[in-house]
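Next comes start_7.txt, with compact mmCIF, C-alpha atoms.
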```txt
# COMPACT_ATOMS: atom_id res chain seq x y z
CA MET A 1260 108.38 92.49 80.97
CA SER A 1261 108.60 95.21 83.66
CA ASP A 1262 105.83 95.29 86.30
CA THR A 1263 106.20 99.08 86.72
CA VAL A 1264 102.82 100.70 86.03
CA ILE A 1265 103.67 104.34 86.88
CA ARG A 1266 107.01 106.02 86.19
CA VAL A 1267 107.40 109.73 87.01
CA GLU A 1268 110.57 111.52 85.88
CA ASN A 1269 111.52 115.08 86.91
CA LEU A 1270 107.89 116.16 87.11
CA SER A 1271 107.23 119.87 87.75
CA LYS A 1272 104.14 122.04 87.74
CA LYS A 1273 104.24 125.85 87.78
CA TYR A 1274 101.41 128.26 88.44
CA VAL A 1275 101.48 132.05 88.03
CA LEU A 1276 99.98 133.93 90.96
CA SER A 1277 98.58 137.44 90.52
CA HIS A 1278 98.68 139.98 93.35
CA GLN A 1279 96.85 143.22 94.01
CA GLN A 1280 98.78 146.15 92.53
CA THR A 1281 99.07 148.28 95.68
CA ALA A 1282 97.91 147.93 99.23
CA GLY A 1283 95.77 151.06 98.93
CA SER A 1284 94.32 150.45 95.48
CA SER A 1285 90.75 149.35 94.90
CA SER A 1286 90.25 145.60 94.49
CA TYR A 1287 87.56 146.22 91.85
CA ASN A 1288 88.24 147.57 88.34
CA SER A 1289 85.69 148.93 85.92
CA LEU A 1290 85.21 147.46 82.45
CA ARG A 1291 86.94 150.52 80.99
CA ASP A 1292 90.00 149.90 83.23
CA ALA A 1293 90.12 146.24 82.25
CA LEU A 1294 89.97 147.08 78.52
CA ALA A 1295 92.65 149.73 78.92
CA ASP A 1296 94.95 147.36 80.81
CA GLY A 1297 94.41 144.67 78.19
CA ALA A 1298 95.28 147.07 75.35
CA LYS A 1299 98.45 148.17 77.14
CA SER A 1300 99.50 144.58 77.74
CA PHE A 1301 98.88 143.65 74.08
CA SER A 1302 100.85 146.65 72.79
CA LYS A 1303 103.80 145.80 75.04
CA LYS A 1304 103.88 142.26 73.66
CA LEU A 1305 103.94 143.62 70.10
CA LEU A 1306 106.63 146.23 70.74
CA LYS A 1307 108.98 144.19 72.97
CA PRO A 1308 110.69 140.93 71.99
CA SER A 1309 109.61 137.93 74.06
CA GLY A 1310 113.18 137.45 75.31
CA ASN A 1311 113.27 140.88 77.00
CA ARG A 1312 110.35 140.51 79.39
CA THR A 1313 110.49 142.91 82.30
CA PHE A 1314 109.89 141.83 85.88
CA ASN A 1315 106.27 142.25 86.98
CA PRO A 1316 105.98 142.64 90.78
CA ASN A 1317 102.25 141.83 90.59
CA ARG A 1318 102.87 138.32 89.23
CA GLU A 1319 104.70 135.53 91.01
CA GLU A 1320 105.73 132.06 89.89
CA PHE A 1321 104.73 129.24 92.24
CA TRP A 1322 106.07 125.71 91.75
CA ALA A 1323 103.46 123.33 93.15
CA LEU A 1324 105.77 120.42 92.16
CA LYS A 1325 109.48 120.51 91.40
CA ASP A 1326 111.62 117.67 90.00
CA VAL A 1327 109.54 114.81 91.42
CA SER A 1328 110.63 111.29 90.35
CA PHE A 1329 109.45 107.85 91.51
CA GLU A 1330 108.22 104.45 90.29
CA ILE A 1331 105.19 102.40 91.37
CA LYS A 1332 104.78 98.72 90.58
CA GLN A 1333 101.65 96.72 89.86
CA GLY A 1334 99.69 95.82 92.99
CA ASP A 1335 101.41 98.42 95.20
CA ARG A 1336 99.33 100.35 97.73
CA VAL A 1337 101.06 103.73 98.02
CA GLY A 1338 100.19 106.48 100.50
CA PHE A 1339 101.09 110.11 99.81
CA LEU A 1340 101.97 112.19 102.86
CA GLY A 1341 102.60 115.89 103.30
CA ARG A 1342 101.19 119.02 104.85
CA ASN A 1343 98.47 121.04 103.15
CA GLY A 1344 100.03 122.68 100.11
CA ALA A 1345 102.81 120.09 99.76
CA GLY A 1346 101.65 119.18 96.24
CA LYS A 1347 99.83 115.89 96.83
CA SER A 1348 96.57 116.80 95.09
CA THR A 1349 98.39 118.47 92.20
CA LEU A 1350 100.43 115.31 91.67
CA LEU A 1351 97.33 113.09 91.63
CA LYS A 1352 95.55 115.43 89.21
CA ILE A 1353 98.51 115.20 86.84
CA LEU A 1354 98.56 111.40 87.13
CA SER A 1355 94.80 111.41 86.42
CA ARG A 1356 95.42 113.51 83.27
CA ILE A 1357 93.29 116.35 84.63
CA VAL A 1358 96.20 118.82 84.80
CA GLU A 1359 99.09 119.16 82.36
CA PRO A 1360 102.61 119.22 83.87
CA THR A 1361 104.95 122.12 83.14
CA GLN A 1362 108.00 119.88 82.87
CA GLY A 1363 108.85 116.21 83.17
CA ARG A 1364 107.59 112.91 81.85
CA ILE A 1365 104.98 110.37 83.05
CA SER A 1366 104.54 106.80 81.84
CA ILE A 1367 101.33 104.99 82.88
CA LYS A 1368 100.27 101.45 81.96
CA GLY A 1369 96.61 100.68 82.47
CA ARG A 1370 93.26 102.37 82.96
CA ILE A 1371 92.93 104.91 85.79
CA ALA A 1372 89.91 105.64 88.00
CA SER A 1373 90.18 108.76 90.17
CA LEU A 1374 88.19 109.94 93.16
CA LEU A 1375 89.65 113.37 93.87
CA GLU A 1376 86.75 115.64 94.84
CA VAL A 1377 83.15 115.17 95.93
CA GLY A 1378 80.95 115.03 92.84
CA THR A 1379 83.77 114.75 90.29
CA GLY A 1380 82.49 113.06 87.13
CA PHE A 1381 78.84 113.27 88.21
CA HIS A 1382 76.16 115.29 86.42
CA PRO A 1383 73.91 116.88 89.07
CA GLU A 1384 70.74 116.65 86.96
CA LEU A 1385 71.15 112.92 86.26
CA THR A 1386 69.99 110.22 88.67
CA GLY A 1387 72.30 107.92 90.58
CA ARG A 1388 71.50 105.13 88.09
CA GLU A 1389 72.34 107.32 85.09
CA ASN A 1390 75.55 108.57 86.70
CA ILE A 1391 76.79 105.02 87.21
CA PHE A 1392 76.59 104.47 83.44
CA LEU A 1393 78.08 107.94 82.79
CA ASN A 1394 81.05 107.25 85.08
CA GLY A 1395 81.56 103.84 83.58
CA ALA A 1396 81.63 105.30 80.08
CA ILE A 1397 84.17 107.94 81.19
CA LEU A 1398 86.35 105.11 82.52
CA GLY A 1399 86.12 103.34 79.16
CA MET A 1400 83.75 100.55 80.21
CA SER A 1401 81.23 99.08 77.81
CA LYS A 1402 77.51 99.07 78.66
CA VAL A 1403 77.63 95.29 79.08
CA GLU A 1404 80.49 95.55 81.60
CA ILE A 1405 78.68 98.24 83.59
CA LYS A 1406 75.45 96.18 83.71
CA ARG A 1407 77.43 93.18 84.97
CA LYS A 1408 78.78 95.21 87.90
CA PHE A 1409 75.68 97.36 88.49
CA ASP A 1410 74.12 95.40 91.36
CA GLU A 1411 77.46 95.17 93.21
CA ILE A 1412 77.96 98.96 92.91
CA VAL A 1413 74.50 99.76 94.26
CA ALA A 1414 74.83 97.27 97.13
CA PHE A 1415 78.23 98.63 98.14
CA ALA A 1416 77.10 102.28 98.01
CA GLU A 1417 73.91 101.52 99.99
CA VAL A 1418 71.88 104.06 98.01
CA GLU A 1419 69.20 101.74 96.57
CA LYS A 1420 66.39 103.92 97.92
CA PHE A 1421 67.72 107.00 96.11
CA LEU A 1422 68.96 105.35 92.92
CA ASP A 1423 66.45 107.17 90.69
CA THR A 1424 66.85 110.54 92.44
CA PRO A 1425 68.96 113.30 90.80
CA VAL A 1426 72.32 113.37 92.53
CA LYS A 1427 72.03 117.12 93.13
CA ARG A 1428 69.75 116.10 96.01
CA TYR A 1429 72.38 113.77 97.50
CA SER A 1430 74.36 114.67 100.59
CA SER A 1431 78.15 114.85 100.26
CA GLY A 1432 78.37 111.48 102.03
CA MET A 1433 76.00 109.85 99.51
CA TYR A 1434 78.02 111.38 96.67
CA VAL A 1435 81.18 109.78 98.03
CA ARG A 1436 79.50 106.40 98.58
CA LEU A 1437 78.32 106.17 94.99
CA ALA A 1438 81.48 107.66 93.45
CA PHE A 1439 83.79 105.29 95.34
CA ALA A 1440 81.60 102.29 94.56
CA VAL A 1441 81.75 103.10 90.84
CA ALA A 1442 85.51 103.73 90.84
CA ALA A 1443 86.32 100.55 92.80
CA HIS A 1444 84.01 98.12 90.99
CA LEU A 1445 84.54 99.06 87.34
CA GLU A 1446 87.94 97.32 87.36
CA PRO A 1447 90.50 100.04 86.63
CA GLU A 1448 94.12 98.91 86.76
CA ILE A 1449 95.00 101.97 88.88
CA LEU A 1450 92.73 103.47 91.57
CA ILE A 1451 93.53 107.00 92.82
CA VAL A 1452 91.75 108.24 95.96
CA ASP A 1453 92.33 111.68 97.51
CA GLU A 1454 91.15 112.84 100.95
CA VAL A 1455 87.54 112.76 99.76
CA LEU A 1456 86.86 109.65 101.89
CA ALA A 1457 87.04 111.86 104.98
CA VAL A 1458 83.54 113.06 104.05
CA GLY A 1459 82.05 109.60 104.66
CA ASP A 1460 81.16 108.14 108.03
CA ALA A 1461 83.59 105.93 109.96
CA GLN A 1462 81.86 102.68 109.02
CA PHE A 1463 81.94 103.50 105.31
CA GLN A 1464 85.61 104.57 105.49
CA LYS A 1465 86.44 101.19 107.00
CA LYS A 1466 84.46 99.50 104.23
CA CYS A 1467 86.37 101.48 101.58
CA LEU A 1468 89.76 100.60 103.08
CA GLY A 1469 88.78 96.93 103.01
CA LYS A 1470 87.73 97.20 99.37
CA MET A 1471 91.00 98.90 98.39
CA GLN A 1472 92.98 96.16 100.12
CA GLU A 1473 90.91 93.55 98.29
CA VAL A 1474 91.38 95.03 94.79
CA SER A 1475 95.10 95.38 95.42
CA THR A 1476 95.86 92.04 97.09
CA ASP A 1477 93.39 89.75 95.33
CA GLN A 1478 93.10 91.45 91.95
CA GLY A 1479 96.60 92.91 91.58
CA ARG A 1480 95.44 96.47 91.02
CA THR A 1481 97.46 99.51 92.10
CA VAL A 1482 96.09 101.97 94.69
CA LEU A 1483 97.31 105.55 95.29
CA PHE A 1484 95.87 107.01 98.49
CA VAL A 1485 96.09 110.49 100.05
CA SER A 1486 94.89 110.98 103.62
CA HIS A 1487 95.74 112.88 106.81
CA ASN A 1488 94.42 109.89 108.77
CA MET A 1489 97.65 108.15 109.73
CA ASP A 1490 95.79 105.09 111.00
CA ALA A 1491 94.16 104.60 107.58
CA ILE A 1492 97.51 105.06 105.83
CA GLN A 1493 99.13 102.50 108.11
CA ARG A 1494 96.35 99.93 107.63
CA LEU A 1495 96.13 100.22 103.86
CA CYS A 1496 99.49 101.22 102.39
CA SER A 1497 102.58 99.05 102.02
CA GLN A 1498 104.76 102.03 101.13
CA CYS A 1499 104.58 105.83 101.24
CA VAL A 1500 105.82 108.88 99.37
CA MET A 1501 106.39 112.09 101.36
CA LEU A 1502 106.23 115.54 99.78
CA GLU A 1503 107.37 118.87 101.23
CA ARG A 1504 106.82 122.15 99.38
CA GLY A 1505 106.42 120.39 96.07
CA ARG A 1506 109.50 118.19 96.36
CA LEU A 1507 109.75 114.48 97.07
CA THR A 1508 111.69 114.13 100.33
CA ALA A 1509 111.26 110.44 101.15
CA GLN A 1510 109.94 107.16 99.76
CA GLY A 1511 109.95 103.76 101.43
CA ASP A 1512 108.05 101.38 103.68
CA THR A 1513 105.06 102.86 105.49
CA SER A 1514 106.34 102.56 109.08
CA SER A 1515 109.62 104.40 108.48
CA ILE A 1516 108.03 107.18 106.41
CA LEU A 1517 105.23 107.71 108.97
CA VAL A 1518 107.77 108.05 111.78
CA ARG A 1519 109.70 110.60 109.74
CA TYR A 1520 106.53 112.50 108.84
CA MET A 1521 105.30 112.67 112.43
CA SER A 1522 108.77 113.69 113.65
CA ASN A 1523 108.74 116.58 111.19
CA ASN A 1524 105.37 117.72 112.52
CA SER A 1525 106.51 117.59 116.17
CA THR A 1526 108.83 120.55 116.48
CA ILE A 1527 109.49 120.52 120.23
CA GLN A 1528 110.97 117.85 122.49
CA ALA A 1529 110.19 118.98 126.00
CA SER A 1530 111.45 118.10 129.49
CA PRO A 1531 109.01 117.65 132.39
CA ASN A 1532 107.89 120.53 134.62
CA GLN A 1533 109.18 123.24 132.27
CA TRP A 1534 107.03 125.86 130.57
CA ILE A 1535 107.22 125.40 126.80
CA ASP A 1536 106.26 128.27 124.49
CA ILE A 1537 103.84 126.87 121.86
CA SER A 1538 102.35 130.17 120.69
CA GLN A 1539 104.09 129.85 117.30
CA VAL A 1540 103.55 126.10 116.76
CA ARG A 1541 101.67 125.32 113.52
CA ARG A 1542 97.88 125.20 113.94
CA GLN A 1543 95.51 122.93 112.00
CA THR A 1544 92.54 125.28 112.42
CA GLY A 1545 91.01 127.73 114.90
CA THR A 1546 89.94 131.35 115.25
CA ARG A 1547 92.59 131.91 117.98
CA GLU A 1548 90.22 134.19 119.91
CA ALA A 1549 91.49 131.96 122.70
CA GLN A 1550 94.74 130.09 122.16
CA PHE A 1551 97.28 127.88 123.91
CA ILE A 1552 100.49 129.82 124.54
CA GLU A 1553 102.43 127.61 126.98
CA VAL A 1554 102.29 124.08 128.36
CA LYS A 1555 104.14 121.97 130.90
CA TYR A 1556 103.68 118.40 132.09
CA SER A 1557 104.68 116.35 135.12
CA SER A 1558 104.08 112.95 136.74
CA LEU A 1559 104.05 114.76 140.14
CA ASN A 1560 106.44 112.07 141.42
CA GLU A 1561 109.84 113.47 142.42
CA ASP A 1562 111.29 109.95 142.76
CA ALA A 1563 110.74 109.59 139.00
CA MET A 1564 112.26 113.04 138.38
CA LEU A 1565 108.71 114.16 137.45
CA GLN A 1566 109.01 112.08 134.25
CA PRO A 1567 105.76 110.41 133.04
CA TYR A 1568 105.77 106.66 133.64
CA SER A 1569 103.59 103.65 132.93
CA ASN A 1570 100.66 103.27 135.36
CA GLY A 1571 101.45 106.62 136.98
CA ALA A 1572 99.64 109.96 137.03
CA LEU A 1573 100.28 112.64 134.40
CA GLU A 1574 99.30 116.29 134.79
CA PHE A 1575 99.26 118.93 132.05
CA VAL A 1576 99.25 122.63 132.91
CA LEU A 1577 97.99 124.80 130.05
CA ALA A 1578 98.45 128.56 129.74
CA ILE A 1579 95.65 130.01 127.59
CA GLU A 1580 95.40 133.56 126.27
CA SER A 1581 91.84 134.77 125.70
CA LYS A 1582 90.89 138.02 123.97
CA SER A 1583 87.68 138.33 125.99
CA PRO A 1584 85.80 136.52 128.78
CA ARG A 1585 84.18 133.33 127.47
CA SER A 1586 82.93 129.90 128.48
CA VAL A 1587 84.63 126.96 126.74
CA GLY A 1588 82.84 123.62 126.75
CA SER A 1589 85.65 121.52 125.28
CA ILE A 1590 89.31 121.70 126.31
CA ALA A 1591 91.30 118.55 125.65
CA VAL A 1592 94.76 117.04 125.70
CA THR A 1593 95.27 114.22 123.22
CA ILE A 1594 98.15 111.74 123.20
CA TYR A 1595 99.27 110.12 119.94
CA ASP A 1596 101.94 107.58 119.19
CA LYS A 1597 104.70 108.41 116.68
CA LEU A 1598 102.56 107.08 113.83
CA GLY A 1599 99.68 109.43 114.64
CA THR A 1600 97.35 106.89 116.25
CA LYS A 1601 95.18 108.57 118.90
CA LEU A 1602 95.65 106.75 122.23
CA VAL A 1603 94.31 109.10 124.93
CA ASN A 1604 91.75 111.90 124.67
CA ALA A 1605 91.10 113.72 127.95
CA ASP A 1606 88.31 116.17 127.08
CA SER A 1607 86.35 118.37 129.49
CA LEU A 1608 83.30 117.77 127.28
CA VAL A 1609 83.19 114.13 128.41
CA LEU A 1610 82.86 115.28 132.01
CA GLY A 1611 80.24 117.88 131.08
CA GLN A 1612 82.54 120.46 132.62
CA SER A 1613 82.72 123.97 131.15
CA ILE A 1614 85.82 126.14 131.65
CA THR A 1615 85.38 129.91 132.17
CA LEU A 1616 88.21 131.98 130.70
CA GLN A 1617 88.93 135.54 131.74
CA ASN A 1618 90.29 138.24 129.45
CA GLY A 1619 94.07 137.71 129.28
CA LYS A 1620 96.11 134.78 130.58
CA ASN A 1621 94.43 131.75 132.16
CA ILE A 1622 95.82 128.56 133.71
CA VAL A 1623 94.01 125.23 133.27
CA LYS A 1624 95.15 121.85 134.67
CA ILE A 1625 94.18 118.48 133.23
CA LYS A 1626 95.23 115.41 135.20
CA ILE A 1627 95.22 111.82 133.95
CA GLU A 1628 94.99 109.62 137.05
CA LYS A 1629 96.65 106.54 135.49
CA LEU A 1630 98.64 106.54 132.29
CA TYR A 1631 98.06 103.16 130.66
CA LEU A 1632 100.87 103.52 128.12
CA THR A 1633 104.02 101.46 127.71
CA PRO A 1634 107.42 103.23 127.68
CA GLY A 1635 108.21 105.22 124.55
CA ILE A 1636 107.97 108.59 122.79
CA TYR A 1637 104.52 110.14 122.44
CA VAL A 1638 103.09 113.31 120.87
CA LEU A 1639 100.83 115.79 122.67
CA GLY A 1640 97.92 117.44 120.86
CA LEU A 1641 95.72 120.26 122.20
CA TRP A 1642 92.13 121.22 121.42
CA MET A 1643 89.81 124.04 122.51
CA ALA A 1644 86.30 124.66 121.13
CA ASP A 1645 82.73 125.68 121.90
CA PRO A 1646 80.61 122.59 121.08
CA LEU A 1647 77.36 124.59 121.23
CA THR A 1648 78.30 126.87 118.33
CA GLY A 1649 80.80 124.56 116.64
CA VAL A 1650 83.53 127.24 116.82
CA VAL A 1651 87.07 125.88 117.18
CA PHE A 1652 89.30 128.35 119.01
CA ASP A 1653 92.59 126.46 118.78
CA CYS A 1654 93.83 123.08 117.56
CA ILE A 1655 97.41 121.79 117.64
CA GLU A 1656 97.96 118.20 116.52
CA SER A 1657 101.66 118.18 117.45
CA ALA A 1658 102.42 120.57 120.30
CA LEU A 1659 105.43 118.66 121.68
CA GLU A 1660 106.96 115.23 122.22
CA PHE A 1661 107.45 113.63 125.64
CA GLU A 1662 108.80 110.32 126.91
CA VAL A 1663 107.04 107.77 129.09
CA ILE A 1664 109.49 105.71 131.16
CA ASN A 1665 109.29 102.39 133.01
CA PHE A 1666 109.49 103.37 136.67
CA GLN A 1667 109.40 100.64 139.34
CA SER A 1668 107.76 101.93 142.50
CA GLU A 1669 105.23 100.50 144.93
CA GLY A 1670 104.33 97.63 142.63
CA LEU A 1671 104.09 99.85 139.57
CA GLY A 1672 106.03 99.34 136.37
CA ILE A 1673 105.98 96.71 133.66
CA ARG A 1674 108.26 94.14 132.08
CA PRO A 1675 111.11 95.86 130.19
CA ASP A 1676 110.34 93.83 127.05
CA ALA A 1677 106.56 94.37 127.12
CA ASP A 1678 104.89 94.66 123.73
CA GLY A 1679 102.09 96.96 122.63
CA LEU A 1680 101.22 100.56 123.45
CA VAL A 1681 98.37 100.39 125.95
CA ILE A 1682 98.36 98.63 129.33
CA SER A 1683 95.06 97.11 130.43
CA GLU A 1684 94.01 96.20 133.94
CA PHE A 1685 93.17 92.51 134.22
CA GLU A 1686 93.05 89.66 136.67
CA ILE A 1687 94.00 85.97 136.52
CA MET A 1688 92.09 83.26 138.37
CA GLN A 1689 93.38 79.73 138.89
CA MET A 1690 90.79 76.95 138.77
CA ASN A 1691 92.02 73.80 140.49
CA GLU A 1692 89.04 71.71 139.50
CA LEU A 1693 87.56 71.20 136.08
CA ILE A 1694 83.92 72.20 135.94
CA ARG A 1695 81.89 69.94 133.68
```

Take the structure in the file and give it back as structure tokens.
Amino acid sequence: MSDTVIRVENLSKKYVLSHQQTAGSSSYNSLRDALADGAKSFSKKLLKPSGNRTFNPNREEFWALKDVSFEIKQGDRVGFLGRNGAGKSTLLKILSRIVEPTQGRISIKGRIASLLEVGTGFHPELTGRENIFLNGAILGMSKVEIKRKFDEIVAFAEVEKFLDTPVKRYSSGMYVRLAFAVAAHLEPEILIVDEVLAVGDAQFQKKCLGKMQEVSTDQGRTVLFVSHNMDAIQRLCSQCVMLERGRLTAQGDTSSILVRYMSNNSTIQASPNQWIDISQVRRQTGTREAQFIEVKYSSLNEDAMLQPYSNGALEFVLAIESKSPRSVGSIAVTIYDKLGTKLVNADSLVLGQSITLQNGKNIVKIKIEKLYLTPGIYVLGLWMADPLTGVVFDCIESALEFEVINFQSEGLGIRPDADGLVISEFEIMQMNELIR
């Protein structure tokens, strides 16, 4: 008997997007206009055969998924990677039987529990206790089964104090705690979790990852997980599926797919001490009232050809364009490895140092005195925000890639075969006598 629990064959999902008729037309129609348009549309359908449909410039077909095929076996922990809009959430909604596919075929063996959005499957007027039984019933559990797991669910969610409070009074974090606890403990064969865990605090996220590993490894259940947290993907998932613009572009072991995904996000490979134009690099968020337009980096050591090296200094020079004078409390350079793990975060906020930007172009330098990284390829991220108001001006997770080398000079440098990513300062003491 095959151990394949999910088989997806040529899956596609199409949506029809409507656009405003003309740039100068009003965006609001009266009831009379709507009735008139409806009558015209109905008469056209009656008078014209369905095979002779004319092109409508105000309607556009959008394929959220196109010809996606893959298989998942029992007990697999599969991460789904892709930029926003790649089709990840649409795929999980189809697998959860929330959305109907336009084309293709899906075969699923086993009961599915989904955690796709905050509050999904909860009734706001019911208490936490009542919603546990409601969710269990939706998942096909009997009342006896739910009662058997009830205490474990409440203990895991840590909401005992609010168990008899209507969930409409819960915070988004409490929603997620209870929803995940229900989904994970009511023994579905397949557990689907979208980015909703990002709402919870770091401690609870860690707890959830541990629980997902447990139900997969010890209980043989299958886990499908979507997250932009590459560290969480790496810790939990044994394999990954990567989507781009609705198409499956890669599937395989987690390490290789993460490297490919991060390489796709890093569009520039830069040489030291050269200005690199990053004004058009993809942003994660930001108002761009002030934005990074250029960057260059250097070790300041000409003997190393200005290349960054282990245990050496590393300086970043940032060119920032501001639309008006402003004070910025948080400007940071962040260094990630190729898998997206954050290794260095040099933020002016830590120093309590505010940067004053003038209208137009500004130059800001950030210098790391000692770079405790082993040789390899790293990714530079940039951040600029006002922590007092919470406004993010600019955020680039992958501005460019740069290489750290092993440079031997004045006692610096490391073993060529050194393992790990971060170098720590330490000392060794020899004790010639045993102390009893």

request  = Using all atoms listed in the file, determine which residues lie at most 6 Å from stretch 1442-1445 of chain A, disregarding the query and same-chain residues fewer than 2 positions distant; provide the list as a ChimeraX atom specification.
outcome  = /A:1372,1439-1440

Nearest residue to A:Arg1542 from the set A:Lys1624, A:Arg1342, A:Arg1336, A:Arg1428 (distances using all atoms listed in the file) = A:Arg1342

task = Name the residues in contact with A:Val1441 at a cut-off of 10 Å, using all atoms listed in the file, excluding same-chain residues fewer than 2 positions from it; report them as a PyMOL selection string.
result = chain A and resi 1372+1374+1390-1392+1394-1395+1398+1405+1408-1409+1411-1413+1415-1416+1435-1439+1443-1446

request  = Taking (93.0, 112.6, 88.9) in the file's own coordinates, collect the residues within 9 Å, counting all atoms listed in the file, and hand them back as a ChimeraX atom specification.
outcome  = /A:1348-1358,1371-1375,1451-1453

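Closest to A:Gln1498 among A:Val1554, A:Val1650, A:Ile1516, A:Val1418 is A:Ile1516, based on only C-alpha atoms.
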
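The closest residue to A:Gly1649, picked from A:Ser1558, A:Thr1361, A:Ser1589, A:Gln1462 and counting all atoms listed in the file, is A:Ser1589.
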
Shell around A:Ile1636 at 7 Å using all atoms listed in the file, local window under 5 positions removed, as a short mmCIF file (atom, residue, chain, number, x, y, z; two decimals) with C-alpha atoms, in the coordinates of the input:
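Once everything was written out, this is out.cif:
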```cif
data_model
loop_
_atom_site.label_atom_id
_atom_site.label_comp_id
_atom_site.auth_asym_id
_atom_site.auth_seq_id
_atom_site.Cartn_x
_atom_site.Cartn_y
_atom_site.Cartn_z
CA LYS A 1597 104.70 108.41 116.68
CA GLU A 1660 106.96 115.23 122.22
CA PHE A 1661 107.45 113.63 125.64
CA GLU A 1662 108.80 110.32 126.91
CA VAL A 1663 107.04 107.77 129.09
#
```

Counting all atoms listed in the file, which residues of stretch 1564-1616 of chain A sit at most 12 Å from some atom of stretch 1492-1497 of chain A, and what is each one's closest atom pair with its distance in Å to one decimal, listed by chain and rising residue number, as a tab-separated table?
```
residue	atom	partner	partner_atom	distance
A:Lys1597	CA	A:Gln1493	CA	11.8
A:Leu1598	CA	A:Gln1493	CA	8.1
A:Gly1599	CA	A:Gln1493	CA	9.5
A:Thr1600	CA	A:Gln1493	CA	9.4
```

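Between atom CA of A:Val1264 and atom CA of A:Met1489 the separation is 25.4 Å.
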
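Interatomic distance, atom CA of A:Gln1478 against atom CA of A:Gln1510: 24.3 Å.
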
Point (81.0, 126.9, 127.0) neighbourhood (9 Å, all atoms listed in the file) written as a VMD selection string = chain A and resid 1585 to 1589 1612 to 1615 1644 to 1647

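Going from atom CA of A:Ile1397 to atom CA of A:Phe1421 covers 22.2 Å.
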
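Among A:Glu1448, A:Glu1503, A:Asp1326, A:Asp1536, the residue with the shortest atom-to-atom distance to A:Ser1475, counting only C-alpha atoms, is A:Glu1448.
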